[in-house]
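**Student:** The structure file input_27.pdb (PDB, C-alpha atoms) is provided below.
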```
ATOM      1  CA  MET A 919     -50.989  13.317 -15.699
ATOM      2  CA  SER A 920     -49.040  13.308 -18.978
ATOM      3  CA  VAL A 921     -46.241  10.820 -19.525
ATOM      4  CA  THR A 922     -42.828  12.303 -20.282
ATOM      5  CA  PRO A 923     -41.651  11.190 -23.739
ATOM      6  CA  SER A 924     -38.239   9.635 -24.331
ATOM      7  CA  LEU A 925     -35.377  11.928 -25.231
ATOM      8  CA  ASP A 926     -35.400  10.770 -28.867
ATOM      9  CA  GLU A 927     -39.120  11.469 -29.151
ATOM     10  CA  ALA A 928     -38.762  14.887 -27.536
ATOM     11  CA  GLU A 929     -35.849  15.808 -29.815
ATOM     12  CA  ARG A 930     -37.801  14.771 -32.920
ATOM     13  CA  ALA A 931     -40.751  16.895 -31.815
ATOM     14  CA  CYS A 932     -38.489  19.915 -31.322
ATOM     15  CA  ALA A 933     -36.697  19.279 -34.629
ATOM     16  CA  ALA A 934     -39.990  19.960 -36.418
ATOM     17  CA  TYR A 935     -39.664  23.560 -35.156
ATOM     18  CA  GLY A 936     -35.996  23.936 -36.006
ATOM     19  CA  HIS A 937     -34.866  23.328 -32.419
ATOM     20  CA  GLU A 938     -35.839  26.901 -31.615
ATOM     21  CA  PRO A 939     -37.269  27.036 -28.047
ATOM     22  CA  SER A 940     -39.477  30.050 -28.711
ATOM     23  CA  ARG A 941     -41.118  28.184 -31.619
ATOM     24  CA  CYS A 942     -41.366  24.924 -29.683
ATOM     25  CA  GLY A 943     -43.196  26.685 -26.865
ATOM     26  CA  PHE A 944     -43.699  25.713 -23.250
ATOM     27  CA  ASP A 945     -44.927  22.131 -23.563
ATOM     28  CA  LEU A 946     -42.316  20.813 -25.994
ATOM     29  CA  SER A 947     -39.465  22.635 -24.241
ATOM     30  CA  ARG A 948     -40.524  21.319 -20.842
ATOM     31  CA  ASP A 949     -40.922  17.772 -22.217
ATOM     32  CA  LEU A 950     -37.388  17.872 -23.617
ATOM     33  CA  VAL A 951     -35.806  19.075 -20.369
ATOM     34  CA  MET A 952     -37.840  16.563 -18.361
ATOM     35  CA  ALA A 953     -36.769  13.757 -20.722
ATOM     36  CA  VAL A 954     -33.127  14.622 -20.047
ATOM     37  CA  ARG A 955     -33.745  14.683 -16.288
ATOM     38  CA  GLU A 956     -35.804  11.516 -15.977
ATOM     39  CA  GLY A 957     -33.629   9.563 -18.395
ATOM     40  CA  LYS A 958     -30.495  10.743 -16.527
ATOM     41  CA  HIS A 959     -28.910  11.794 -19.812
ATOM     42  CA  VAL A 960     -25.852  14.043 -19.893
ATOM     43  CA  ARG A 961     -27.009  16.733 -22.295
ATOM     44  CA  PRO A 962     -26.101  20.127 -20.824
ATOM     45  CA  ASP A 963     -26.469  21.662 -24.292
ATOM     46  CA  LEU A 964     -30.175  20.855 -24.418
ATOM     47  CA  VAL A 965     -30.772  21.779 -20.784
ATOM     48  CA  LEU A 966     -29.151  25.193 -21.276
ATOM     49  CA  LYS A 967     -30.977  25.959 -24.498
ATOM     50  CA  TYR A 968     -34.471  24.932 -23.444
ATOM     51  CA  GLY A 969     -34.158  25.294 -19.667
ATOM     52  CA  GLN A 970     -33.066  28.929 -19.805
ATOM     53  CA  TYR A 971     -35.932  29.683 -22.187
ATOM     54  CA  LEU A 972     -38.399  28.159 -19.714
ATOM     55  CA  LEU A 973     -36.962  30.126 -16.784
ATOM     56  CA  LYS A 974     -36.969  33.405 -18.690
ATOM     57  CA  SER A 975     -40.354  33.085 -20.402
ATOM     58  CA  HIS A 976     -42.454  30.583 -18.436
ATOM     59  CA  ALA A 977     -41.167  30.490 -14.845
ATOM     60  CA  SER A 978     -44.647  31.075 -13.399
ATOM     61  CA  ARG A 979     -46.148  28.225 -15.421
ATOM     62  CA  LEU A 980     -43.634  25.760 -13.975
ATOM     63  CA  GLY A 981     -45.156  26.132 -10.498
ATOM     64  CA  ASP A 982     -43.110  24.468  -7.764
ATOM     65  CA  GLY A 983     -41.170  22.693 -10.499
ATOM     66  CA  VAL A 984     -39.338  25.947 -11.180
ATOM     67  CA  TRP A 985     -36.842  25.172  -8.377
ATOM     68  CA  ALA A 986     -35.925  21.802  -9.872
ATOM     69  CA  MET A 987     -35.523  23.591 -13.207
ATOM     70  CA  TYR A 988     -33.181  26.157 -11.642
ATOM     71  CA  GLU A 989     -31.096  23.322 -10.197
ATOM     72  CA  GLN A 990     -30.973  21.388 -13.460
ATOM     73  CA  VAL A 991     -29.927  24.430 -15.489
ATOM     74  CA  TYR A 992     -27.430  25.345 -12.756
ATOM     75  CA  MET A 993     -25.756  21.936 -13.104
ATOM     76  CA  ALA A 994     -25.602  22.350 -16.881
ATOM     77  CA  LEU A 995     -24.006  25.780 -16.460
ATOM     78  CA  LEU A 996     -21.320  24.292 -14.206
ATOM     79  CA  GLN A 997     -20.559  21.682 -16.847
ATOM     80  CA  TYR A 998     -20.172  24.388 -19.476
ATOM     81  CA  GLY A 999     -18.556  27.013 -17.262
ATOM     82  CA  ARG A1000     -14.807  27.399 -17.401
ATOM     83  CA  ARG A1001     -12.351  29.807 -15.876
ATOM     84  CA  ARG A1002     -10.630  31.868 -18.516
ATOM     85  CA  LYS A1003      -7.688  34.218 -18.438
ATOM     86  CA  LYS A1004      -7.885  37.947 -19.035
ATOM     87  CA  SER A1005      -5.219  39.617 -21.149
ATOM     88  CA  ASP A1006      -3.482  40.797 -17.971
ATOM     89  CA  GLY A1007      -3.238  37.204 -16.695
ATOM     90  CA  ALA A1008      -5.947  37.550 -14.041
ATOM     91  CA  ASN A1009      -8.653  34.917 -13.689
ATOM     92  CA  ASP A1010     -12.106  35.754 -14.954
ATOM     93  CA  LEU A1011     -15.337  33.803 -14.668
ATOM     94  CA  SER A1012     -17.097  32.629 -17.788
ATOM     95  CA  ASP A1013     -20.595  33.893 -18.556
ATOM     96  CA  GLU A1014     -21.927  30.447 -17.635
ATOM     97  CA  LEU A1015     -20.372  30.526 -14.163
ATOM     98  CA  ARG A1016     -21.615  34.060 -13.542
ATOM     99  CA  LEU A1017     -25.157  33.025 -14.441
ATOM    100  CA  ALA A1018     -24.799  29.886 -12.293
ATOM    101  CA  GLY A1019     -23.869  32.158  -9.401
ATOM    102  CA  GLU A1020     -27.083  34.129  -9.907
ATOM    103  CA  TYR A1021     -29.163  30.960  -9.942
ATOM    104  CA  CYS A1022     -27.450  29.689  -6.802
ATOM    105  CA  THR A1023     -28.258  32.977  -5.049
ATOM    106  CA  ILE A1024     -31.925  32.576  -6.025
ATOM    107  CA  LEU A1025     -32.013  29.019  -4.657
ATOM    108  CA  ALA A1026     -30.207  30.015  -1.450
ATOM    109  CA  ALA A1027     -32.707  32.817  -0.850
ATOM    110  CA  ARG A1028     -35.625  30.422  -1.332
ATOM    111  CA  PHE A1029     -34.083  27.572   0.724
ATOM    112  CA  PRO A1030     -31.722  29.254   3.207
ATOM    113  CA  ASP A1031     -31.155  26.185   5.416
ATOM    114  CA  SER A1032     -31.017  23.565   2.670
ATOM    115  CA  ILE A1033     -28.104  21.116   2.641
ATOM    116  CA  ARG A1034     -28.890  20.500  -1.005
ATOM    117  CA  VAL A1035     -28.246  24.173  -1.840
ATOM    118  CA  ARG A1036     -25.038  24.161   0.190
ATOM    119  CA  ARG A1037     -23.969  21.176  -1.874
ATOM    120  CA  LEU A1038     -24.611  23.190  -5.039
ATOM    121  CA  GLU A1039     -22.508  26.034  -3.629
ATOM    122  CA  ALA A1040     -19.657  23.596  -3.018
ATOM    123  CA  MET A1041     -19.887  22.439  -6.617
ATOM    124  CA  MET A1042     -19.526  26.055  -7.693
ATOM    125  CA  TRP A1043     -16.217  26.204  -5.792
ATOM    126  CA  GLU A1044     -15.147  23.081  -7.675
ATOM    127  CA  ALA A1045     -15.976  24.693 -11.008
ATOM    128  CA  LYS A1046     -13.844  27.683  -9.975
ATOM    129  CA  ASP A1047     -10.940  25.347  -9.055
ATOM    130  CA  GLU A1048     -11.221  26.417  -5.407
ATOM    131  CA  PHE A1049     -10.813  22.856  -4.153
ATOM    132  CA  GLU A1050     -10.013  23.677  -0.529
ATOM    133  CA  LEU A1051     -13.168  25.768  -0.177
ATOM    134  CA  ALA A1052     -15.209  23.000  -1.803
ATOM    135  CA  MET A1053     -13.743  20.397   0.585
ATOM    136  CA  ALA A1054     -14.553  22.648   3.546
ATOM    137  CA  ASP A1055     -18.163  23.014   2.406
ATOM    138  CA  TYR A1056     -18.552  19.251   1.993
ATOM    139  CA  GLU A1057     -16.985  18.720   5.408
ATOM    140  CA  SER A1058     -19.489  21.080   7.023
ATOM    141  CA  ILE A1059     -22.322  19.175   5.329
ATOM    142  CA  LEU A1060     -20.978  15.876   6.681
ATOM    143  CA  LYS A1061     -20.770  17.271  10.213
ATOM    144  CA  GLU A1062     -24.470  18.039   9.984
ATOM    145  CA  ASP A1063     -25.393  14.914   8.028
ATOM    146  CA  PRO A1064     -22.665  12.214   8.405
ATOM    147  CA  ASN A1065     -24.406   9.865   5.956
ATOM    148  CA  ASN A1066     -24.693  12.339   3.081
ATOM    149  CA  LEU A1067     -23.509  10.115   0.222
ATOM    150  CA  PHE A1068     -23.186  12.912  -2.293
ATOM    151  CA  ALA A1069     -20.839  14.953  -0.085
ATOM    152  CA  VAL A1070     -18.631  11.902   0.538
ATOM    153  CA  LYS A1071     -18.497  11.013  -3.161
ATOM    154  CA  ARG A1072     -17.630  14.589  -4.134
ATOM    155  CA  GLN A1073     -14.810  14.661  -1.587
ATOM    156  CA  VAL A1074     -13.455  11.393  -2.975
ATOM    157  CA  ALA A1075     -13.706  12.743  -6.535
ATOM    158  CA  LEU A1076     -11.848  15.913  -5.517
ATOM    159  CA  LEU A1077      -9.061  13.953  -3.850
ATOM    160  CA  ARG A1078      -8.721  11.663  -6.868
ATOM    161  CA  SER A1079      -8.588  14.629  -9.254
ATOM    162  CA  GLN A1080      -5.674  16.016  -7.218
ATOM    163  CA  GLY A1081      -3.831  12.684  -7.286
ATOM    164  CA  LYS A1082      -4.384  12.040  -3.584
ATOM    165  CA  THR A1083      -5.306   8.391  -4.084
ATOM    166  CA  ALA A1084      -4.401   7.192  -0.581
ATOM    167  CA  GLU A1085      -6.474   9.951   1.058
ATOM    168  CA  ALA A1086      -9.405   9.166  -1.217
ATOM    169  CA  ALA A1087      -9.189   5.491  -0.211
ATOM    170  CA  LYS A1088      -9.180   6.386   3.504
ATOM    171  CA  LYS A1089     -12.251   8.574   2.998
ATOM    172  CA  LEU A1090     -14.081   5.715   1.273
ATOM    173  CA  VAL A1091     -13.064   3.192   3.948
ATOM    174  CA  ALA A1092     -14.528   5.448   6.664
ATOM    175  CA  HIS A1093     -17.718   5.818   4.610
ATOM    176  CA  LEU A1094     -18.085   2.089   3.950
ATOM    177  CA  GLU A1095     -17.704   1.262   7.634
ATOM    178  CA  VAL A1096     -21.015   3.098   8.086
ATOM    179  CA  VAL A1097     -22.759   2.267   4.782
ATOM    180  CA  ASN A1098     -21.343  -1.148   3.852
ATOM    181  CA  SER A1099     -24.015  -1.841   1.221
ATOM    182  CA  ASP A1100     -22.855   0.983  -1.075
ATOM    183  CA  THR A1101     -21.864  -0.931  -4.211
ATOM    184  CA  ASP A1102     -20.572   2.154  -6.003
ATOM    185  CA  GLY A1103     -18.371   2.930  -2.995
ATOM    186  CA  TRP A1104     -16.866  -0.572  -2.995
ATOM    187  CA  LEU A1105     -16.211  -0.357  -6.742
ATOM    188  CA  GLN A1106     -14.461   2.996  -6.368
ATOM    189  CA  LEU A1107     -12.384   1.694  -3.469
ATOM    190  CA  CYS A1108     -11.437  -1.397  -5.473
ATOM    191  CA  ASN A1109     -10.258   0.786  -8.367
ATOM    192  CA  LEU A1110      -8.248   2.979  -5.995
ATOM    193  CA  TYR A1111      -6.481  -0.068  -4.546
ATOM    194  CA  LEU A1112      -5.773  -1.396  -8.032
ATOM    195  CA  GLN A1113      -4.181   1.932  -8.961
ATOM    196  CA  GLN A1114      -1.871   1.475  -5.968
ATOM    197  CA  GLN A1115      -1.279  -2.219  -6.858
ATOM    198  CA  GLN A1116      -2.774  -3.281  -3.529
ATOM    199  CA  TYR A1117      -4.352  -6.398  -5.013
ATOM    200  CA  ARG A1118      -5.228  -8.121  -1.740
ATOM    201  CA  ARG A1119      -7.273  -5.140  -0.608
ATOM    202  CA  ALA A1120      -8.890  -4.855  -4.034
ATOM    203  CA  ALA A1121      -9.846  -8.539  -3.794
ATOM    204  CA  PHE A1122     -11.514  -7.883  -0.438
ATOM    205  CA  CYS A1123     -13.630  -5.153  -2.053
ATOM    206  CA  MET A1124     -14.788  -7.560  -4.755
ATOM    207  CA  GLU A1125     -15.641 -10.185  -2.117
ATOM    208  CA  GLU A1126     -17.913  -7.645  -0.439
ATOM    209  CA  LEU A1127     -19.571  -6.876  -3.768
ATOM    210  CA  ILE A1128     -20.168 -10.563  -4.473
ATOM    211  CA  LEU A1129     -21.823 -10.884  -1.062
ATOM    212  CA  ILE A1130     -24.070  -7.911  -1.862
ATOM    213  CA  ASN A1131     -25.045  -9.182  -5.318
ATOM    214  CA  PRO A1132     -23.931 -12.769  -6.030
ATOM    215  CA  MET A1133     -25.760 -12.816  -9.383
ATOM    216  CA  ALA A1134     -23.682 -10.018 -10.944
ATOM    217  CA  TYR A1135     -21.393 -11.755 -13.445
ATOM    218  CA  ILE A1136     -19.030  -8.761 -13.611
ATOM    219  CA  TYR A1137     -18.136  -9.078  -9.911
ATOM    220  CA  HIS A1138     -17.095 -12.723 -10.323
ATOM    221  CA  LEU A1139     -15.171 -11.771 -13.466
ATOM    222  CA  ARG A1140     -13.269  -8.929 -11.820
ATOM    223  CA  TYR A1141     -12.565 -11.007  -8.721
ATOM    224  CA  GLY A1142     -11.077 -13.717 -10.958
ATOM    225  CA  GLU A1143      -8.903 -11.138 -12.713
ATOM    226  CA  ILE A1144      -7.590  -9.808  -9.398
ATOM    227  CA  LEU A1145      -6.854 -13.316  -8.087
ATOM    228  CA  LEU A1146      -5.042 -14.123 -11.323
ATOM    229  CA  SER A1147      -2.992 -10.939 -10.941
ATOM    230  CA  ILE A1148      -2.059 -11.882  -7.363
ATOM    231  CA  GLY A1149      -1.197 -15.438  -8.402
ATOM    232  CA  GLY A1150       1.005 -14.150 -11.205
ATOM    233  CA  VAL A1151       2.911 -11.484  -9.272
ATOM    234  CA  GLU A1152       3.707 -13.587  -6.217
ATOM    235  CA  LYS A1153       7.152 -15.156  -6.212
ATOM    236  CA  GLY A1154       7.071 -18.371  -8.194
ATOM    237  CA  GLY A1155       3.365 -17.965  -8.887
ATOM    238  CA  ASN A1156       0.520 -19.315  -6.817
ATOM    239  CA  ALA A1157      -1.204 -22.324  -8.363
ATOM    240  CA  ASP A1158      -4.029 -22.307  -5.805
ATOM    241  CA  LEU A1159      -4.953 -18.684  -6.582
ATOM    242  CA  VAL A1160      -4.834 -19.357 -10.319
ATOM    243  CA  ARG A1161      -7.100 -22.364  -9.829
ATOM    244  CA  THR A1162      -9.536 -20.296  -7.732
ATOM    245  CA  ALA A1163      -9.487 -17.523 -10.344
ATOM    246  CA  ARG A1164     -10.426 -20.091 -12.986
ATOM    247  CA  LYS A1165     -13.464 -21.105 -10.932
ATOM    248  CA  TYR A1166     -14.678 -17.504 -10.736
ATOM    249  CA  PHE A1167     -14.183 -17.002 -14.474
ATOM    250  CA  ALA A1168     -16.218 -20.162 -15.058
ATOM    251  CA  HIS A1169     -18.978 -18.949 -12.733
ATOM    252  CA  SER A1170     -19.049 -15.630 -14.545
ATOM    253  CA  LEU A1171     -19.643 -17.595 -17.758
ATOM    254  CA  ASP A1172     -22.464 -19.502 -16.070
ATOM    255  CA  LEU A1173     -24.133 -16.202 -15.231
ATOM    256  CA  LYS A1174     -23.471 -14.668 -18.665
ATOM    257  CA  PRO A1175     -22.659 -17.324 -21.278
ATOM    258  CA  ALA A1176     -22.726 -15.051 -24.346
ATOM    259  CA  ASN A1177     -20.567 -12.003 -25.116
ATOM    260  CA  ASN A1178     -18.352 -12.565 -22.094
ATOM    261  CA  LEU A1179     -14.957 -12.502 -23.778
ATOM    262  CA  ARG A1180     -13.032 -11.373 -20.700
ATOM    263  CA  ALA A1181     -14.129 -14.462 -18.785
ATOM    264  CA  LEU A1182     -13.172 -16.722 -21.705
ATOM    265  CA  TYR A1183      -9.748 -15.106 -21.894
ATOM    266  CA  GLY A1184      -9.471 -15.549 -18.133
ATOM    267  CA  VAL A1185     -10.182 -19.278 -18.368
ATOM    268  CA  LEU A1186      -7.698 -19.601 -21.234
ATOM    269  CA  ILE A1187      -4.900 -17.808 -19.343
ATOM    270  CA  CYS A1188      -5.573 -19.782 -16.145
ATOM    271  CA  CYS A1189      -5.335 -23.037 -18.077
ATOM    272  CA  ALA A1190      -2.101 -21.901 -19.699
ATOM    273  CA  ALA A1191      -0.686 -20.960 -16.275
ATOM    274  CA  ALA A1192      -1.631 -24.284 -14.635
ATOM    275  CA  PRO A1193       1.352 -26.411 -13.462
ATOM    276  CA  LYS A1194       2.320 -28.848 -16.212
ATOM    277  CA  GLY A1195       2.700 -31.778 -13.866
ATOM    278  CA  ALA A1196      -0.705 -31.453 -12.278
ATOM    279  CA  LYS A1197      -2.838 -34.565 -11.918
ATOM    280  CA  SER A1198      -5.693 -32.828 -13.694
ATOM    281  CA  LYS A1199      -3.526 -31.936 -16.704
ATOM    282  CA  ASN A1200      -5.888 -33.511 -19.245
ATOM    283  CA  GLU A1201      -8.891 -31.792 -17.681
ATOM    284  CA  VAL A1202      -7.113 -28.424 -17.756
ATOM    285  CA  GLU A1203      -6.052 -28.884 -21.382
ATOM    286  CA  GLU A1204      -9.610 -29.836 -22.334
ATOM    287  CA  LEU A1205     -10.975 -26.737 -20.594
ATOM    288  CA  GLY A1206      -8.381 -24.565 -22.315
ATOM    289  CA  ARG A1207      -9.331 -25.942 -25.742
ATOM    290  CA  TRP A1208     -13.005 -25.348 -24.908
ATOM    291  CA  ALA A1209     -12.268 -21.705 -24.028
ATOM    292  CA  GLN A1210     -10.308 -21.314 -27.254
ATOM    293  CA  LYS A1211     -13.174 -22.806 -29.265
ATOM    294  CA  ARG A1212     -15.706 -20.465 -27.621
ATOM    295  CA  LEU A1213     -13.509 -17.439 -28.307
ATOM    296  CA  LEU A1214     -13.154 -18.361 -31.971
ATOM    297  CA  GLU A1215     -16.922 -18.866 -32.210
ATOM    298  CA  GLU A1216     -17.553 -15.428 -30.671
ATOM    299  CA  TYR A1217     -15.194 -13.669 -33.094
ATOM    300  CA  GLY A1218     -16.503 -15.752 -35.999
ATOM    301  CA  ALA A1219     -20.084 -14.737 -35.223
ATOM    302  CA  ALA A1220     -18.954 -11.098 -35.166
ATOM    303  CA  LYS A1221     -17.215 -11.631 -38.548
ATOM    304  CA  ALA A1222     -13.956 -10.264 -37.114
ATOM    305  CA  SER A1223     -11.640 -12.206 -39.421
ATOM    306  CA  THR A1224      -8.481 -10.299 -38.471
ATOM    307  CA  MET A1225      -9.037 -10.871 -34.755
ATOM    308  CA  LEU A1226      -9.984 -14.484 -35.452
ATOM    309  CA  GLU A1227      -6.562 -15.234 -36.883
ATOM    310  CA  ALA A1228      -4.736 -13.373 -34.101
ATOM    311  CA  VAL A1229      -6.693 -15.101 -31.319
ATOM    312  CA  LYS A1230      -6.131 -18.508 -32.931
ATOM    313  CA  ALA A1231      -2.372 -17.929 -33.112
ATOM    314  CA  VAL A1232      -2.044 -16.559 -29.550
ATOM    315  CA  SER A1233      -4.283 -19.195 -27.961
ATOM    316  CA  ASP A1234      -2.435 -22.010 -29.749
ATOM    317  CA  GLU A1235       0.832 -20.646 -28.361
ATOM    318  CA  LEU A1236      -0.631 -20.386 -24.826
ATOM    319  CA  LEU A1237      -1.934 -23.944 -24.867
ATOM    320  CA  ALA A1238       1.158 -25.462 -26.502
TER     321      ALA A1238
END
```
Represent the supplied structure as structure tokens.

**Tutor:**
Amino acid sequence: MSVTPSLDEAERACAAYGHEPSRCGFDLSRDLVMAVREGKHVRPDLVLKYGQYLLKSHASRLGDGVWAMYEQVYMALLQYGRRRKKSDGANDLSDELRLAGEYCTILAARFPDSIRVRRLEAMMWEAKDEFELAMADYESILKEDPNNLFAVKRQVALLRSQGKTAEAAKKLVAHLEVVNSDTDGWLQLCNLYLQQQQYRRAAFCMEELILINPMAYIYHLRYGEILLSIGGVEKGGNADLVRTARKYFAHSLDLKPANNLRALYGVLICCAAAPKGAKSKNEVEELGRWAQKRLLEEYGAAKASTMLEAVKAVSDELLA
């Protein structure tokens, strides 16, 4: 069984034939489309150009893989398809959406009871800006398969695109009560709460993520940032939260010592926000100077002289 080349390799091979699918032939065209699929690249331009050629000229040679090819090209058509206005003001479908409709009909005829095809039909409604119809299709999928992650995520995306942040959060909460190990779901919910300035709830989401993957430096970093935000917005500040935030920034640096500027800035700001009369004042000042030194080293290594001067000035002011 042949190994699919990387996207760069496949593109170079096709470039030798002027990126013309008919000259590249079946093997090179298929390799390119497969490289996009397996590498999870977002290249609808390549998928349309080479995928349509394969479906028109070599559908029989694809065997059972022809259905995956139809789906991949269908998704690319949705990305390209746009509603456009006729001269009389009426809506008209683009050529891409019309062709996507034909492909969806072919897939529905081949797999009449497939939830996957129904999901594709719902995405067509999205592309046509028929959001209510798309939501109804996703809802019918969830009634049949309550744990269908894709349908839930599409509903959340639709609600967010319409500015219905609170509804999107409720949908994610209901989903996470069933599938509480969904890291992407927790991240989305955290971002939704942050948009609504519900920092305590956002912090809870990050706590769940840390429990799922305690070795992910970014979770400790983001949790520290949220705690620092809570400590700063509460009346009179909250020294305990700032101190806890500093610990999470430090742990993030333990997990990723290099190129972790956000954590270094976090430590610096926490040290600057520490109560001046604290017993550990010297320790805090020492830690703040260490964070400043590390920041200057990072920018110096990157030869960012302009930023170096600005960071030096700002950090000196913070630690004064």

**Student:** Would you pick out the contacts of Val951 in chain A at 9 Å or less, using only C-alpha atoms, so that residues sharing its chain but fewer than 3 positions from it are not included, and give the list as a ChimeraX atom specification?

**Tutor:** /A:925,928,946-948,954-956,964-965,968-969,987,990

**Student:** Do you know which residues the PyMOL selection byres ((chain A and resi 1135-1144) around 8) returns on this file, as a PyMOL selection string?

**Tutor:** chain A and resi 1117+1120-1121+1124-1125+1127-1128+1132-1134+1145-1148+1162-1167+1169-1171+1173-1174+1180-1181+1184

**Student:** Which residues fall under the PyMOL selection byres ((chain A and resi 980) around 12) in this file, as a list in words?

**Tutor:**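 Checking the PyMOL selection byres ((chain A and resi 980) around 12) against this file, the residues are Phe944, Asp945, Ser947, Arg948, Asp949, Met952, Gly969, Tyr971, Leu972, Leu973, Lys974, Ser975, His976, Ala977, Ser978, Arg979, Gly981, Asp982, Gly983, Val984, Trp985, Ala986, Met987 and Tyr988 of chain A.
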
**Student:** Mind pulling up the distance from CA of Asp1063 in chain A to CA of Ala1086 in chain A?

**Tutor:**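 Atom-to-atom, CA of Ala1086 in chain A to CA of Asp1063 in chain A, that is 19.3 Å.
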
**Student:** Within 9 Å of Gln1210 in chain A, counting all atoms listed in the file, which residues show up once you throw out same-chain ones fewer than 6 positions away? Write them as an mmCIF file with C-alpha atoms, in the coordinates of the input, please.

**Tutor:**
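Printed below is result35.cif as written:
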```cif
data_model
loop_
_atom_site.group_PDB
_atom_site.id
_atom_site.type_symbol
_atom_site.label_atom_id
_atom_site.label_comp_id
_atom_site.auth_asym_id
_atom_site.auth_seq_id
_atom_site.Cartn_x
_atom_site.Cartn_y
_atom_site.Cartn_z
ATOM 1 C CA LEU A 1182 -13.172 -16.722 -21.705
ATOM 2 C CA TYR A 1183 -9.748 -15.106 -21.894
ATOM 3 C CA LEU A 1186 -7.698 -19.601 -21.234
ATOM 4 C CA VAL A 1229 -6.693 -15.101 -31.319
ATOM 5 C CA LYS A 1230 -6.131 -18.508 -32.931
ATOM 6 C CA SER A 1233 -4.283 -19.195 -27.961
ATOM 7 C CA ASP A 1234 -2.435 -22.010 -29.749
#
```

**Student:** Given all atoms listed in the file as the basis, pick out the residue of A:Cys1123, A:Leu996, A:Val921, A:Leu1011 nearest to Asp1102 in chain A.

**Tutor:**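 When distances to Asp1102 in chain A are compared using all atoms listed in the file, the smallest one comes from A:Cys1123.
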
**Student:** Let me make sure I understand: among A:Ala1228, A:Cys1022, A:Val1096, A:Val1185, which one has the smallest atom-to-atom distance to Pro1064 in chain A if we use all atoms listed in the file?

**Tutor:** A:Val1096

**Student:** The PyMOL selection byres ((chain A and resi 1040) around 12) on the file shown: which residues, as an MDAnalysis selection string?

**Tutor:** chainID A and resid 993 996 1019 1022 1033:1039 1041:1059 1068:1069 1072:1073 1076

**Student:** Please compute the CA of Leu1090 in chain A-CA of Gly957 in chain A distance, one decimal, in Å.

**Tutor:**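 Between CA of Leu1090 in chain A and CA of Gly957 in chain A the gap is 28.0 Å.
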
**Student:** Using all atoms listed in the file for the distances, tell me which of A:Leu1213, A:Leu1060, A:Ala1192, A:Ala1075 is nearest to Asn1156 in chain A.

**Tutor:**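 Closest to Asn1156 in chain A, using all atoms listed in the file: A:Ala1192.
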